[in-house]
$ cat upload-v2.cif   # mmCIF, C-alpha atoms; chains and numbers go by the auth columns
data_final
#
loop_
_atom_site.group_PDB
_atom_site.id
_atom_site.type_symbol
_atom_site.label_atom_id
_atom_site.label_comp_id
_atom_site.label_asym_id
_atom_site.label_seq_id
_atom_site.Cartn_x
_atom_site.Cartn_y
_atom_site.Cartn_z
_atom_site.B_iso_or_equiv
_atom_site.auth_seq_id
_atom_site.auth_asym_id
ATOM 1 C CA MET A 1 30.171 13.096 1.398 0.00 268 G
ATOM 2 C CA ASN A 2 26.600 13.986 0.524 0.00 269 G
ATOM 3 C CA HIS A 3 23.402 13.169 2.380 0.00 270 G
ATOM 4 C CA TYR A 4 21.101 10.814 0.462 0.00 271 G
ATOM 5 C CA GLU A 5 17.734 9.214 0.965 0.00 272 G
ATOM 6 C CA THR A 6 16.417 6.248 -0.962 0.00 273 G
ATOM 7 C CA VAL A 7 12.979 4.680 -0.881 0.00 274 G
ATOM 8 C CA PHE A 8 12.401 1.382 -2.605 0.00 275 G
ATOM 9 C CA ILE A 9 9.373 -0.855 -2.977 0.00 276 G
ATOM 10 C CA LEU A 10 9.716 -4.625 -2.813 0.00 277 G
ATOM 11 C CA THR A 11 7.258 -7.034 -4.371 0.00 278 G
ATOM 12 C CA PRO A 12 4.441 -8.093 -1.990 0.00 279 G
ATOM 13 C CA VAL A 13 4.868 -11.838 -2.632 0.00 280 G
ATOM 14 C CA LEU A 14 7.978 -11.966 -0.405 0.00 281 G
ATOM 15 C CA SER A 15 7.878 -13.536 3.042 0.00 282 G
ATOM 16 C CA GLU A 16 9.194 -11.571 6.035 0.00 283 G
ATOM 17 C CA PRO A 17 12.664 -13.259 6.003 0.00 284 G
ATOM 18 C CA GLN A 18 12.980 -12.749 2.238 0.00 285 G
ATOM 19 C CA MET A 19 12.107 -9.077 2.595 0.00 286 G
ATOM 20 C CA LYS A 20 14.651 -8.573 5.377 0.00 287 G
ATOM 21 C CA GLU A 21 17.315 -10.374 3.328 0.00 288 G
ATOM 22 C CA ALA A 22 16.663 -8.062 0.364 0.00 289 G
ATOM 23 C CA VAL A 23 16.958 -4.963 2.572 0.00 290 G
ATOM 24 C CA GLU A 24 20.184 -6.306 4.125 0.00 291 G
ATOM 25 C CA LYS A 25 21.600 -6.856 0.645 0.00 292 G
ATOM 26 C CA PHE A 26 21.238 -3.172 -0.220 0.00 293 G
ATOM 27 C CA THR A 27 22.394 -1.825 3.155 0.00 294 G
ATOM 28 C CA ASP A 28 25.431 -4.137 3.050 0.00 295 G
ATOM 29 C CA LEU A 29 26.220 -2.888 -0.454 0.00 296 G
ATOM 30 C CA LEU A 30 26.141 0.684 0.851 0.00 297 G
ATOM 31 C CA LYS A 31 28.378 -0.162 3.820 0.00 298 G
ATOM 32 C CA ASN A 32 30.865 -2.008 1.595 0.00 299 G
ATOM 33 C CA GLU A 33 31.118 1.064 -0.636 0.00 300 G
ATOM 34 C CA GLY A 34 31.957 3.264 2.377 0.00 301 G
ATOM 35 C CA ALA A 35 28.536 4.787 2.998 0.00 302 G
ATOM 36 C CA VAL A 36 27.326 5.517 6.515 0.00 303 G
ATOM 37 C CA ILE A 37 23.735 4.429 7.222 0.00 304 G
ATOM 38 C CA VAL A 38 22.045 7.224 9.185 0.00 305 G
ATOM 39 C CA ASN A 39 18.508 5.882 9.444 0.00 306 G
ATOM 40 C CA GLU A 40 16.528 2.894 8.250 0.00 307 G
ATOM 41 C CA GLU A 41 12.748 2.595 8.349 0.00 308 G
ATOM 42 C CA ASN A 42 10.466 -0.218 7.307 0.00 309 G
ATOM 43 C CA TRP A 43 7.142 1.320 6.318 0.00 310 G
ATOM 44 C CA GLY A 44 5.561 -2.080 5.828 0.00 311 G
ATOM 45 C CA LEU A 45 3.072 -3.320 3.273 0.00 312 G
ATOM 46 C CA ARG A 46 1.231 -0.417 1.655 0.00 313 G
ATOM 47 C CA LYS A 47 -1.154 0.092 -1.214 0.00 314 G
ATOM 48 C CA LEU A 48 0.440 1.482 -4.367 0.00 315 G
ATOM 49 C CA ALA A 49 -0.964 4.595 -6.026 0.00 316 G
ATOM 50 C CA TYR A 50 -1.342 2.623 -9.251 0.00 317 G
ATOM 51 C CA PRO A 51 -0.731 -1.028 -10.218 0.00 318 G
ATOM 52 C CA ILE A 52 2.845 -1.967 -11.113 0.00 319 G
ATOM 53 C CA ASP A 53 3.379 -5.321 -12.844 0.00 320 G
ATOM 54 C CA LYS A 54 -0.212 -6.240 -11.894 0.00 321 G
ATOM 55 C CA LYS A 55 0.582 -5.710 -8.181 0.00 322 G
ATOM 56 C CA SER A 56 -1.412 -3.263 -6.088 0.00 323 G
ATOM 57 C CA THR A 57 0.673 -3.419 -2.869 0.00 324 G
ATOM 58 C CA GLY A 58 4.354 -3.460 -1.949 0.00 325 G
ATOM 59 C CA PHE A 59 6.802 -3.399 0.976 0.00 326 G
ATOM 60 C CA TYR A 60 8.180 0.130 1.371 0.00 327 G
ATOM 61 C CA GLN A 61 11.661 0.696 2.811 0.00 328 G
ATOM 62 C CA LEU A 62 13.449 3.994 3.550 0.00 329 G
ATOM 63 C CA VAL A 63 17.235 4.265 3.968 0.00 330 G
ATOM 64 C CA GLU A 64 19.028 7.521 4.784 0.00 331 G
ATOM 65 C CA PHE A 65 22.794 7.514 4.317 0.00 332 G
ATOM 66 C CA ASP A 66 25.911 9.608 3.733 0.00 333 G
ATOM 67 C CA ALA A 67 28.001 8.580 0.728 0.00 334 G
ATOM 68 C CA GLU A 68 30.116 9.661 -2.202 0.00 335 G
ATOM 69 C CA PRO A 69 28.213 10.300 -5.465 0.00 336 G
ATOM 70 C CA SER A 70 29.819 7.295 -7.181 0.00 337 G
ATOM 71 C CA VAL A 71 28.027 4.932 -4.773 0.00 338 G
ATOM 72 C CA ILE A 72 24.601 5.937 -6.115 0.00 339 G
ATOM 73 C CA ALA A 73 25.253 4.519 -9.581 0.00 340 G
ATOM 74 C CA LYS A 74 26.256 1.137 -8.099 0.00 341 G
ATOM 75 C CA LEU A 75 23.230 1.103 -5.808 0.00 342 G
ATOM 76 C CA GLU A 76 20.792 1.889 -8.620 0.00 343 G
ATOM 77 C CA VAL A 77 22.313 -0.755 -10.906 0.00 344 G
ATOM 78 C CA ASN A 78 21.681 -3.300 -8.156 0.00 345 G
ATOM 79 C CA PHE A 79 18.102 -2.054 -7.737 0.00 346 G
ATOM 80 C CA ARG A 80 17.493 -2.545 -11.470 0.00 347 G
ATOM 81 C CA ARG A 81 19.016 -6.033 -11.493 0.00 348 G
ATOM 82 C CA ASP A 82 17.058 -7.315 -8.503 0.00 349 G
ATOM 83 C CA GLU A 83 13.657 -8.652 -9.553 0.00 350 G
ATOM 84 C CA ARG A 84 12.286 -8.137 -6.020 0.00 351 G
ATOM 85 C CA VAL A 85 12.469 -4.332 -6.391 0.00 352 G
ATOM 86 C CA ILE A 86 9.519 -2.911 -8.307 0.00 353 G
ATOM 87 C CA ARG A 87 10.309 0.819 -7.838 0.00 354 G
ATOM 88 C CA PHE A 88 13.022 2.957 -6.253 0.00 355 G
ATOM 89 C CA LEU A 89 13.924 6.615 -5.856 0.00 356 G
ATOM 90 C CA THR A 90 17.214 8.032 -4.578 0.00 357 G
ATOM 91 C CA PHE A 91 17.902 11.712 -4.108 0.00 358 G
ATOM 92 C CA ARG A 92 20.510 13.982 -2.546 0.00 359 G
ATOM 93 C CA LYS A 93 19.164 16.018 0.334 0.00 360 G
ATOM 94 C CA ASP A 94 19.927 19.718 0.617 0.00 361 G
ATOM 95 C CA LYS A 95 20.538 21.342 3.997 0.00 362 G
ATOM 96 C CA TYR A 96 16.819 22.018 4.567 0.00 363 G
ATOM 97 C CA ALA A 97 15.804 18.435 3.826 0.00 364 G
ATOM 98 C CA GLU A 98 18.560 17.205 6.155 0.00 365 G
ATOM 99 C CA GLU A 99 17.358 19.501 8.966 0.00 366 G
ATOM 100 C CA TYR A 100 13.805 18.249 8.481 0.00 367 G
ATOM 101 C CA ALA A 101 14.965 14.613 8.534 0.00 368 G
ATOM 102 C CA VAL A 102 16.833 15.183 11.814 0.00 369 G
ATOM 103 C CA LYS A 103 13.725 16.781 13.371 0.00 370 G
ATOM 104 C CA ARG A 104 11.517 13.948 12.115 0.00 371 G
ATOM 105 C CA ARG A 105 13.840 11.319 13.597 0.00 372 G
ATOM 106 C CA SER A 106 13.978 13.104 16.965 0.00 373 G
ATOM 107 C CA VAL A 107 10.169 13.383 17.116 0.00 374 G
ATOM 108 C CA LYS A 108 9.874 9.716 16.223 0.00 375 G
ATOM 109 C CA SER A 109 12.367 8.693 18.926 0.00 376 G
ATOM 110 C CA ASN A 110 10.578 10.871 21.507 0.00 377 G
ATOM 111 C CA LYS A 111 7.266 9.136 20.696 0.00 378 G
ATOM 112 C CA ALA A 112 8.926 5.737 21.053 0.00 379 G
ATOM 113 C CA GLU A 113 10.337 6.708 24.473 0.00 380 G
ATOM 114 C CA LYS A 114 6.925 7.913 25.692 0.00 381 G
ATOM 115 C CA GLU A 115 5.285 4.646 24.633 0.00 382 G
ATOM 116 C CA ASN A 116 7.801 2.649 26.684 0.00 383 G
#

$ encode --input "upload-v2.cif" --output "structure tokens"
Amino acid sequence: MNHYETVFILTPVLSEPQMKEAVEKFTDLLKNEGAVIVNEENWGLRKLAYPIDKKSTGFYQLVEFDAEPSVIAKLEVNFRRDERVIRFLTFRKDKYAEEYAVKRRSVKSNKAEKEN
């Protein structure tokens, strides 16, 4: 199994429940294909670097997971077929990127504990 990270941008016209349903669709697809979800982050509504389909904002979502390489093709086909997704990027992390991701998650969890 390889370590992967995918970031996708959903159209800004979605309501909160519609956005969550779209994210669940993709995480469920990963789980059904045998992938293990390591981390999931909702980055919220952000301004795009340039307009896409006449939209200047979008809902960003990050999903880190461990999966077989064959799962990526199925995931990306579903991204392309879903009209709610305006952009996506999936890449395999090397050992240095994985170490950085683990550090980033631990720092984030430490900040959350201090706030509580």

$ atom_distance --input "upload-v2.cif" --atom1 "CA of Val344 (chain G)" --atom2 "CA of Leu356 (chain G)"
12.3 Å

$ closest_residue --input "upload-v2.cif" --among "G:Ile276, G:Leu297, G:Met268, G:Val303" --to "Arg351 (chain G)" --atoms "all atoms listed in the file"
G:Ile276

$ resolve_selection --input "upload-v2.cif" --expression "the PyMOL selection byres ((chain G and resi 313-325) around 10)" --output "MDAnalysis selection string"
chainID G and resid 275:281 310:312 326:328 352:354

$ closest_residue --input "upload-v2.cif" --among "G:Asp361, G:Asp349, G:Glu366, G:Glu335" --to "Phe293 (chain G)" --atoms "all atoms listed in the file"
G:Asp349

$ closest_residue --input "upload-v2.cif" --among "G:Lys362, G:Asn309, G:Leu329, G:Lys370" --to "Met286 (chain G)" --atoms "only C-alpha atoms"
G:Asn309

$ residues_around --input "upload-v2.cif" --residues "region 337-341 of chain G" --least-positions-apart "4" --cutoff "8 Å" --atoms "only C-alpha atoms" --output "PyMOL selection string"
chain G and resi 297+300+302+345+357

$ atom_distance --input "upload-v2.cif" --atom1 "CA of Asn377 (chain G)" --atom2 "CA of Glu331 (chain G)"
19.0 Å

$ residues_near_point --input "upload-v2.cif" --point "(17.6, 11.8, -1.1)" --cutoff "8 Å" --atoms "only C-alpha atoms" --output "count of residues only"
10

$ axis_aligned_box --input "upload-v2.cif" --around "region 290-307 of chain G" --padding-each-side "6 Å" --output "AutoDock Vina command-line options"
--center_x 24.2 --center_y 0.2 --center_z 4.4 --size_x 27.4 --size_y 26.1 --size_z 22.1

$ atom_distance --input "upload-v2.cif" --atom1 "CA of Arg348 (chain G)" --atom2 "CA of Lys287 (chain G)"
17.6 Å

$ resolve_selection --input "upload-v2.cif" --expression "the PyMOL selection byres ((chain G and resi 305) around 6)" --output "MDAnalysis selection string"
chainID G and resid 304 306 331:332

$ closest_residue --input "upload-v2.cif" --among "G:Glu365, G:Glu343, G:Glu350, G:Glu308" --to "Leu296 (chain G)" --atoms "only C-alpha atoms"
G:Glu343

$ closest_residue --input "upload-v2.cif" --among "G:Asp333, G:Glu283, G:Glu288, G:Glu307" --to "Asn269 (chain G)" --atoms "all atoms listed in the file"
G:Asp333

$ build_atoms --input "upload-v2.cif" --residues "region 292-315 of chain G" --atoms "N, CA, C and O atoms" --output "PDB file, in the frame of the given file"
ATOM      1  N   LYS G 292      20.744  -6.841   1.834  1.00  0.00           N
ATOM      2  CA  LYS G 292      21.600  -6.856   0.645  1.00  0.00           C
ATOM      3  C   LYS G 292      21.971  -5.433   0.239  1.00  0.00           C
ATOM      4  O   LYS G 292      23.140  -5.132  -0.021  1.00  0.00           O
ATOM      5  N   PHE G 293      20.981  -4.542   0.217  1.00  0.00           N
ATOM      6  CA  PHE G 293      21.238  -3.172  -0.220  1.00  0.00           C
ATOM      7  C   PHE G 293      21.975  -2.357   0.844  1.00  0.00           C
ATOM      8  O   PHE G 293      22.844  -1.552   0.509  1.00  0.00           O
ATOM      9  N   THR G 294      21.658  -2.556   2.115  1.00  0.00           N
ATOM     10  CA  THR G 294      22.394  -1.825   3.155  1.00  0.00           C
ATOM     11  C   THR G 294      23.837  -2.313   3.241  1.00  0.00           C
ATOM     12  O   THR G 294      24.743  -1.508   3.449  1.00  0.00           O
ATOM     13  N   ASP G 295      24.062  -3.616   3.060  1.00  0.00           N
ATOM     14  CA  ASP G 295      25.431  -4.137   3.050  1.00  0.00           C
ATOM     15  C   ASP G 295      26.214  -3.581   1.872  1.00  0.00           C
ATOM     16  O   ASP G 295      27.399  -3.269   1.997  1.00  0.00           O
ATOM     17  N   LEU G 296      25.567  -3.463   0.713  1.00  0.00           N
ATOM     18  CA  LEU G 296      26.220  -2.888  -0.454  1.00  0.00           C
ATOM     19  C   LEU G 296      26.670  -1.462  -0.154  1.00  0.00           C
ATOM     20  O   LEU G 296      27.799  -1.074  -0.477  1.00  0.00           O
ATOM     21  N   LEU G 297      25.791  -0.688   0.493  1.00  0.00           N
ATOM     22  CA  LEU G 297      26.141   0.684   0.851  1.00  0.00           C
ATOM     23  C   LEU G 297      27.324   0.710   1.815  1.00  0.00           C
ATOM     24  O   LEU G 297      28.276   1.485   1.636  1.00  0.00           O
ATOM     25  N   LYS G 298      27.286  -0.128   2.834  1.00  0.00           N
ATOM     26  CA  LYS G 298      28.378  -0.162   3.820  1.00  0.00           C
ATOM     27  C   LYS G 298      29.693  -0.576   3.180  1.00  0.00           C
ATOM     28  O   LYS G 298      30.746  -0.027   3.503  1.00  0.00           O
ATOM     29  N   ASN G 299      29.644  -1.552   2.273  1.00  0.00           N
ATOM     30  CA  ASN G 299      30.865  -2.008   1.595  1.00  0.00           C
ATOM     31  C   ASN G 299      31.472  -0.930   0.706  1.00  0.00           C
ATOM     32  O   ASN G 299      32.676  -0.939   0.464  1.00  0.00           O
ATOM     33  N   GLU G 300      30.639  -0.027   0.215  1.00  0.00           N
ATOM     34  CA  GLU G 300      31.118   1.064  -0.636  1.00  0.00           C
ATOM     35  C   GLU G 300      31.548   2.285   0.184  1.00  0.00           C
ATOM     36  O   GLU G 300      31.894   3.317  -0.374  1.00  0.00           O
ATOM     37  N   GLY G 301      31.490   2.184   1.511  1.00  0.00           N
ATOM     38  CA  GLY G 301      31.957   3.264   2.377  1.00  0.00           C
ATOM     39  C   GLY G 301      30.878   4.227   2.829  1.00  0.00           C
ATOM     40  O   GLY G 301      31.183   5.253   3.429  1.00  0.00           O
ATOM     41  N   ALA G 302      29.634   3.916   2.570  1.00  0.00           N
ATOM     42  CA  ALA G 302      28.536   4.787   2.998  1.00  0.00           C
ATOM     43  C   ALA G 302      28.244   4.568   4.479  1.00  0.00           C
ATOM     44  O   ALA G 302      28.495   3.492   5.021  1.00  0.00           O
ATOM     45  N   VAL G 303      27.719   5.590   5.106  1.00  0.00           N
ATOM     46  CA  VAL G 303      27.326   5.517   6.515  1.00  0.00           C
ATOM     47  C   VAL G 303      25.806   5.560   6.575  1.00  0.00           C
ATOM     48  O   VAL G 303      25.188   6.537   6.153  1.00  0.00           O
ATOM     49  N   ILE G 304      25.198   4.490   7.101  1.00  0.00           N
ATOM     50  CA  ILE G 304      23.735   4.429   7.222  1.00  0.00           C
ATOM     51  C   ILE G 304      23.327   5.300   8.414  1.00  0.00           C
ATOM     52  O   ILE G 304      23.751   5.070   9.536  1.00  0.00           O
ATOM     53  N   VAL G 305      22.492   6.302   8.148  1.00  0.00           N
ATOM     54  CA  VAL G 305      22.045   7.224   9.185  1.00  0.00           C
ATOM     55  C   VAL G 305      20.742   6.749   9.810  1.00  0.00           C
ATOM     56  O   VAL G 305      20.572   6.792  11.024  1.00  0.00           O
ATOM     57  N   ASN G 306      19.829   6.283   8.962  1.00  0.00           N
ATOM     58  CA  ASN G 306      18.508   5.882   9.444  1.00  0.00           C
ATOM     59  C   ASN G 306      17.930   4.860   8.478  1.00  0.00           C
ATOM     60  O   ASN G 306      18.145   4.942   7.275  1.00  0.00           O
ATOM     61  N   GLU G 307      17.181   3.924   9.048  1.00  0.00           N
ATOM     62  CA  GLU G 307      16.528   2.894   8.250  1.00  0.00           C
ATOM     63  C   GLU G 307      15.118   2.730   8.794  1.00  0.00           C
ATOM     64  O   GLU G 307      14.928   2.606   9.991  1.00  0.00           O
ATOM     65  N   GLU G 308      14.133   2.759   7.911  1.00  0.00           N
ATOM     66  CA  GLU G 308      12.748   2.595   8.349  1.00  0.00           C
ATOM     67  C   GLU G 308      12.030   1.616   7.437  1.00  0.00           C
ATOM     68  O   GLU G 308      12.124   1.717   6.222  1.00  0.00           O
ATOM     69  N   ASN G 309      11.312   0.703   8.049  1.00  0.00           N
ATOM     70  CA  ASN G 309      10.466  -0.218   7.307  1.00  0.00           C
ATOM     71  C   ASN G 309       9.045   0.317   7.418  1.00  0.00           C
ATOM     72  O   ASN G 309       8.472   0.330   8.496  1.00  0.00           O
ATOM     73  N   TRP G 310       8.490   0.768   6.313  1.00  0.00           N
ATOM     74  CA  TRP G 310       7.142   1.320   6.318  1.00  0.00           C
ATOM     75  C   TRP G 310       6.085   0.253   6.151  1.00  0.00           C
ATOM     76  O   TRP G 310       4.892   0.549   6.216  1.00  0.00           O
ATOM     77  N   GLY G 311       6.497  -0.968   5.903  1.00  0.00           N
ATOM     78  CA  GLY G 311       5.561  -2.080   5.828  1.00  0.00           C
ATOM     79  C   GLY G 311       4.859  -2.206   4.487  1.00  0.00           C
ATOM     80  O   GLY G 311       5.214  -1.567   3.506  1.00  0.00           O
ATOM     81  N   LEU G 312       3.849  -3.049   4.488  1.00  0.00           N
ATOM     82  CA  LEU G 312       3.072  -3.320   3.273  1.00  0.00           C
ATOM     83  C   LEU G 312       2.055  -2.207   3.087  1.00  0.00           C
ATOM     84  O   LEU G 312       1.227  -1.955   3.963  1.00  0.00           O
ATOM     85  N   ARG G 313       2.132  -1.532   1.940  1.00  0.00           N
ATOM     86  CA  ARG G 313       1.231  -0.417   1.655  1.00  0.00           C
ATOM     87  C   ARG G 313       0.636  -0.557   0.266  1.00  0.00           C
ATOM     88  O   ARG G 313       1.209  -1.181  -0.611  1.00  0.00           O
ATOM     89  N   LYS G 314      -0.487   0.080   0.089  1.00  0.00           N
ATOM     90  CA  LYS G 314      -1.154   0.092  -1.214  1.00  0.00           C
ATOM     91  C   LYS G 314      -0.415   1.050  -2.144  1.00  0.00           C
ATOM     92  O   LYS G 314      -0.036   2.147  -1.740  1.00  0.00           O
ATOM     93  N   LEU G 315      -0.206   0.642  -3.370  1.00  0.00           N
ATOM     94  CA  LEU G 315       0.440   1.482  -4.367  1.00  0.00           C
ATOM     95  C   LEU G 315      -0.566   2.471  -4.945  1.00  0.00           C
ATOM     96  O   LEU G 315      -1.770   2.197  -4.972  1.00  0.00           O
TER      97      LEU G 315
END
